[in-house]
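Notes follow the structure.
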Protein chains: 2
Amino acid sequence: MATTPTRQPARRRRAQRGSGEQLRAEIVAAAKELMAHARSVDDISMRAVAEAVGVTPPSIYLHFADKDALLAAVVIDVFGELDKAMLAAGEAESSPLGRLRAYGRAYVKFAIEHPEHYRLAAMEPCVEPRNALDEVLNSSAFAHFNATVIECIAAGIFVSDDPLGITFELWAAAHGAAALLVAKPYLPFGDTEAFTDRVLCAAALGHAAASLLPDLEPETIAGWLTVQRSS
Amino acid sequence: MATTPTRQPARRRRAQRGSGEQLRAEIVAAAKELMAHARSVDDISMRAVAEAVGVTPPSIYLHFADKDALLAAVVIDVFGELDKAMLAAGEAESSPLGRLRAYGRAYVKFAIEHPEHYRLAAMEPCVEPRNALDEVLNSSAFAHFNATVIECIAAGIFVSDDPLGITFELWAAAHGAAALLVAKPYLPFGDTEAFTDRVLCAAALGHAAASLLPDLEPETIAGWLTVQRSS
DNA sequence: GTCGGTAACTTATCTACGGTAAGTTACCGG
DNA sequence: CCGGTAACTTACCGTAGATAAGTTACCGAC
């Protein structure tokens, strides 16, 4: 009675011969699930993941070199979900600019609804800097975002021969809103969706307006604003 | 010879009777220094901090309840440095808008030069949510930023009765650039200062331009841009 | 059928961490 | 000079990530 229950009840049946990948998928799923209820990546231990799957901790290391590798796998998974959410949000929009904003809204919404997943994917120092570049740039979410920026250029919204640069700018704005809302949720941002929309809209409109001015000196901007307001 | 060297050589002299605060300051300084060379907060252990100061680990707990409390003290210290850097950068600027951008540039520059400090201060889930609100809002850096936004409203750059909202928006842009540059330094942002400037300028100009439009529907924006470009 | 090879998994253990309880040292006011 | 207490230390606990070495059970070959 006083003996620890160990993990006898959750003991998992040994997998079929060729299906070692099955356990890998279960581990990623378990880690992702655990992360949804954790406040930090430190809160989820390899032991906890192992127990959730019904396996002993060392078994995880047969599929992942270390904890970082497991978390990286979760990140890839999370990026996929984010992409789906963004695509779904942009479907209804007809204009490229509208789609861009819908993407941004969905991006921030996803971050708020999955704070720990977003934190891991976008706010932690990247786990493996080797292929990380390709992973981010080739991630569907980023690619779709960039494609829509290109559409905006084609539609005359933006004037630039560097769509990637614009994408990074807009991403910075979206990430800034998301990161702030996730890291400091107690600050008086007001309605989060309205705040997000203001930030995103300012970023897009600001970039477009910048191309209307000869330069971006404070005096030039102030003068331009005065002229605009008076007319 | 084979015995571990323990920490005999770095043994610290016992402090004077009334000066317990001295050790506290040394601990914070050591933690801040260690963090400069660490890749994550997990890389700096209480043991390492203790050894750097020349003290045994439990002594730290006489001044800080736990590791989070120590890190919180470091955060406060870091915010102070950030404020100094921002003020210095804004001194030369005469116009409020120029000062605002100088602040933003200095903010991002500080984040890039002190990535781990910035990460701890702005990207980690806040350590103590109780007084954290006041700490951030009353932090000098934030206060100065907000004051300059108010100046911009007075100068007619922005039109709003909610300066705090504008401050949050601009902060989101600056934080987005900083966080992205810190978390994903390998991405092809190009020149970091130029990138930062574009993001900041777009945020400020975008907010100002938004007040020129009747609404922010995609069609309205596209139409306005067409008119502007043709004139 | 059975039997060796090996994939799949476990037991046992290492080192390091954050944190605590209980003890010890040395300063200092009376 | 002596007792009180601030300022520390020694010893320890539980848990974490990770590894080495062992064990089990599937499965193809003969």
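FYI, nothing fancy with the structure tokens labels: chains A, B, ... in order, residues from 1 per chain, ligands from 1 as they appear.
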
Need to verify the contact set: range 8-20 of chain C, 12 Å, only C-alpha atoms (C1' of nucleotides), exclusion of same-chain residues closer than 4 positions in sequence. Can you return it as a PDB file with C-alpha atoms (C1' of nucleotides), in the first residue's frame?
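Okay, this is what ended up in out03.pdb:
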```pdb
ATOM      1  CA  ARG A  11       2.931   0.486 -19.085  1.00  0.00           C
ATOM      2  CA  ARG A  12       2.898   0.685 -22.829  1.00  0.00           C
ATOM      3  CA  ARG A  13       2.930  -2.312 -25.129  1.00  0.00           C
ATOM      4  CA  ARG A  14       6.093  -2.734 -27.127  1.00  0.00           C
ATOM      5  CA  ALA A  15       5.621  -1.425 -30.655  1.00  0.00           C
ATOM      6  CA  GLN A  16       5.756  -3.527 -33.784  1.00  0.00           C
ATOM      7  CA  ARG A  17       9.127  -4.203 -35.325  1.00  0.00           C
ATOM      8  CA  GLY A  18       9.236  -1.565 -38.036  1.00  0.00           C
ATOM      9  CA  SER A  19       7.197   1.081 -36.260  1.00  0.00           C
ATOM     10  CA  GLY A  20       9.653   2.905 -34.125  1.00  0.00           C
ATOM     11  CA  GLU A  21       8.418   6.175 -35.577  1.00  0.00           C
ATOM     12  CA  GLN A  22       5.102   5.657 -33.868  1.00  0.00           C
ATOM     13  CA  LEU A  23       6.609   6.268 -30.442  1.00  0.00           C
ATOM     14  CA  GLY A  54       3.797   5.274 -20.835  1.00  0.00           C
ATOM     15  CA  VAL A  55       7.491   4.718 -21.302  1.00  0.00           C
ATOM     16  CA  THR A  56      10.699   5.157 -19.314  1.00  0.00           C
ATOM     17  CA  PRO A  57      12.733   8.349 -19.810  1.00  0.00           C
ATOM     18  CA  PRO A  58      15.689   6.808 -21.674  1.00  0.00           C
ATOM     19  CA  SER A  59      13.363   5.603 -24.402  1.00  0.00           C
ATOM     20  CA  ILE A  60      12.877   9.191 -25.492  1.00  0.00           C
ATOM     21  CA  TYR A  61      16.575   9.469 -26.197  1.00  0.00           C
ATOM     22  CA  LEU A  62      16.246   6.747 -28.813  1.00  0.00           C
ATOM     23  CA  HIS A  63      14.303   9.238 -30.917  1.00  0.00           C
TER      24      HIS A  63
ATOM     25  CA  ASP B  42      19.387  28.178 -17.092  1.00  0.00           C
ATOM     26  CA  ASP B  43      23.074  28.456 -17.875  1.00  0.00           C
ATOM     27  CA  ILE B  44      23.683  30.521 -14.780  1.00  0.00           C
ATOM     28  CA  SER B  45      23.228  28.550 -11.594  1.00  0.00           C
ATOM     29  CA  MET B  46      22.974  29.809  -8.076  1.00  0.00           C
ATOM     30  CA  ARG B  47      26.139  27.826  -7.435  1.00  0.00           C
ATOM     31  CA  ALA B  48      27.971  29.679 -10.194  1.00  0.00           C
ATOM     32  CA  PRO B  57      25.163  28.945  -2.378  1.00  0.00           C
ATOM     33  CA  PRO B  58      22.935  29.153   0.709  1.00  0.00           C
ATOM     34  CA  SER B  59      24.280  32.615   1.473  1.00  0.00           C
ATOM     35  CA  ILE B  60      22.436  33.928  -1.559  1.00  0.00           C
ATOM     36  CA  TYR B  61      19.164  32.862  -0.015  1.00  0.00           C
ATOM     37  CA  LEU B  62      19.768  35.233   2.868  1.00  0.00           C
ATOM     38  CA  PHE B  64      16.925  36.574  -2.195  1.00  0.00           C
ATOM     39  CA  ALA B  65      13.982  34.290  -1.622  1.00  0.00           C
ATOM     40  CA  ASP B  66      14.801  32.201  -4.682  1.00  0.00           C
ATOM     41  CA  LYS B  67      16.404  32.337  -8.090  1.00  0.00           C
ATOM     42  CA  ASP B  68      13.490  34.270  -9.540  1.00  0.00           C
TER      43      ASP B  68
ATOM     44  C1'  DA D  11      25.379  18.656   5.097  1.00  0.00           C
ATOM     45  C1'  DC D  12      21.628  17.230   2.919  1.00  0.00           C
ATOM     46  C1'  DC D  13      17.027  16.450   0.120  1.00  0.00           C
ATOM     47  C1'  DG D  14      14.447  15.792  -4.079  1.00  0.00           C
ATOM     48  C1'  DT D  15      14.429  16.262  -8.898  1.00  0.00           C
ATOM     49  C1'  DA D  16      16.315  17.148 -13.292  1.00  0.00           C
ATOM     50  C1'  DG D  17      18.866  15.745 -17.841  1.00  0.00           C
ATOM     51  C1'  DA D  18      21.507  12.316 -19.591  1.00  0.00           C
ATOM     52  C1'  DT D  19      24.164   7.766 -20.275  1.00  0.00           C
ATOM     53  C1'  DA D  20      25.806   2.869 -19.952  1.00  0.00           C
ATOM     54  C1'  DA D  21      24.653  -1.485 -19.810  1.00  0.00           C
ATOM     55  C1'  DG D  22      21.417  -4.811 -19.661  1.00  0.00           C
ATOM     56  C1'  DT D  23      16.918  -7.272 -21.071  1.00  0.00           C
ATOM     57  C1'  DT D  24      12.840  -8.500 -23.797  1.00  0.00           C
ATOM     58  C1'  DA D  25      10.218  -9.741 -27.688  1.00  0.00           C
ATOM     59  C1'  DC D  26       9.519  -9.518 -32.586  1.00  0.00           C
TER      60       DC D  26
END
```

Sort by chain and increasing residue number a table of all residues of chain B within 6 Å of chain A, each with its closest pair of atoms and their distance in Å to one decimal, counting only C-alpha atoms, and write it as CSV.
```
residue,atom,partner,partner_atom,distance
B:Leu97,CA,A:Pro218,CA,5.8
B:Gly98,CA,A:Pro218,CA,5.4
B:Met123,CA,A:Ala183,CA,5.9
B:Pro125,CA,A:Ala183,CA,4.9
B:Glu169,CA,A:Val199,CA,5.7
B:Ala172,CA,A:Gly176,CA,4.5
B:Ala173,CA,A:Ala173,CA,5.0
B:His175,CA,A:Gly176,CA,5.2
B:Gly176,CA,A:Gly176,CA,3.3
B:Ala177,CA,A:Ala172,CA,5.1
B:Ala183,CA,A:Pro125,CA,4.9
B:Val199,CA,A:Glu169,CA,5.7
B:Ala202,CA,A:Gly206,CA,3.9
B:Ala203,CA,A:Ala203,CA,5.1
B:Leu205,CA,A:Gly206,CA,4.9
B:Gly206,CA,A:Gly206,CA,3.4
B:His207,CA,A:Ala202,CA,5.0
B:Pro218,CA,A:Gly98,CA,5.4
```

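The interatomic distance for the pair CA of Tyr103 in chain B and CA of Leu87 in chain B works out to 7.2 Å.
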
Hey, what does DSSP flag as helix (DSSP H, G or I) within range 42-135 of chain B? Can you give it to me as number ranges by chain? B: 42-43, 46-53, 57-60, 67-90, 96-113, 115-123, 132-135
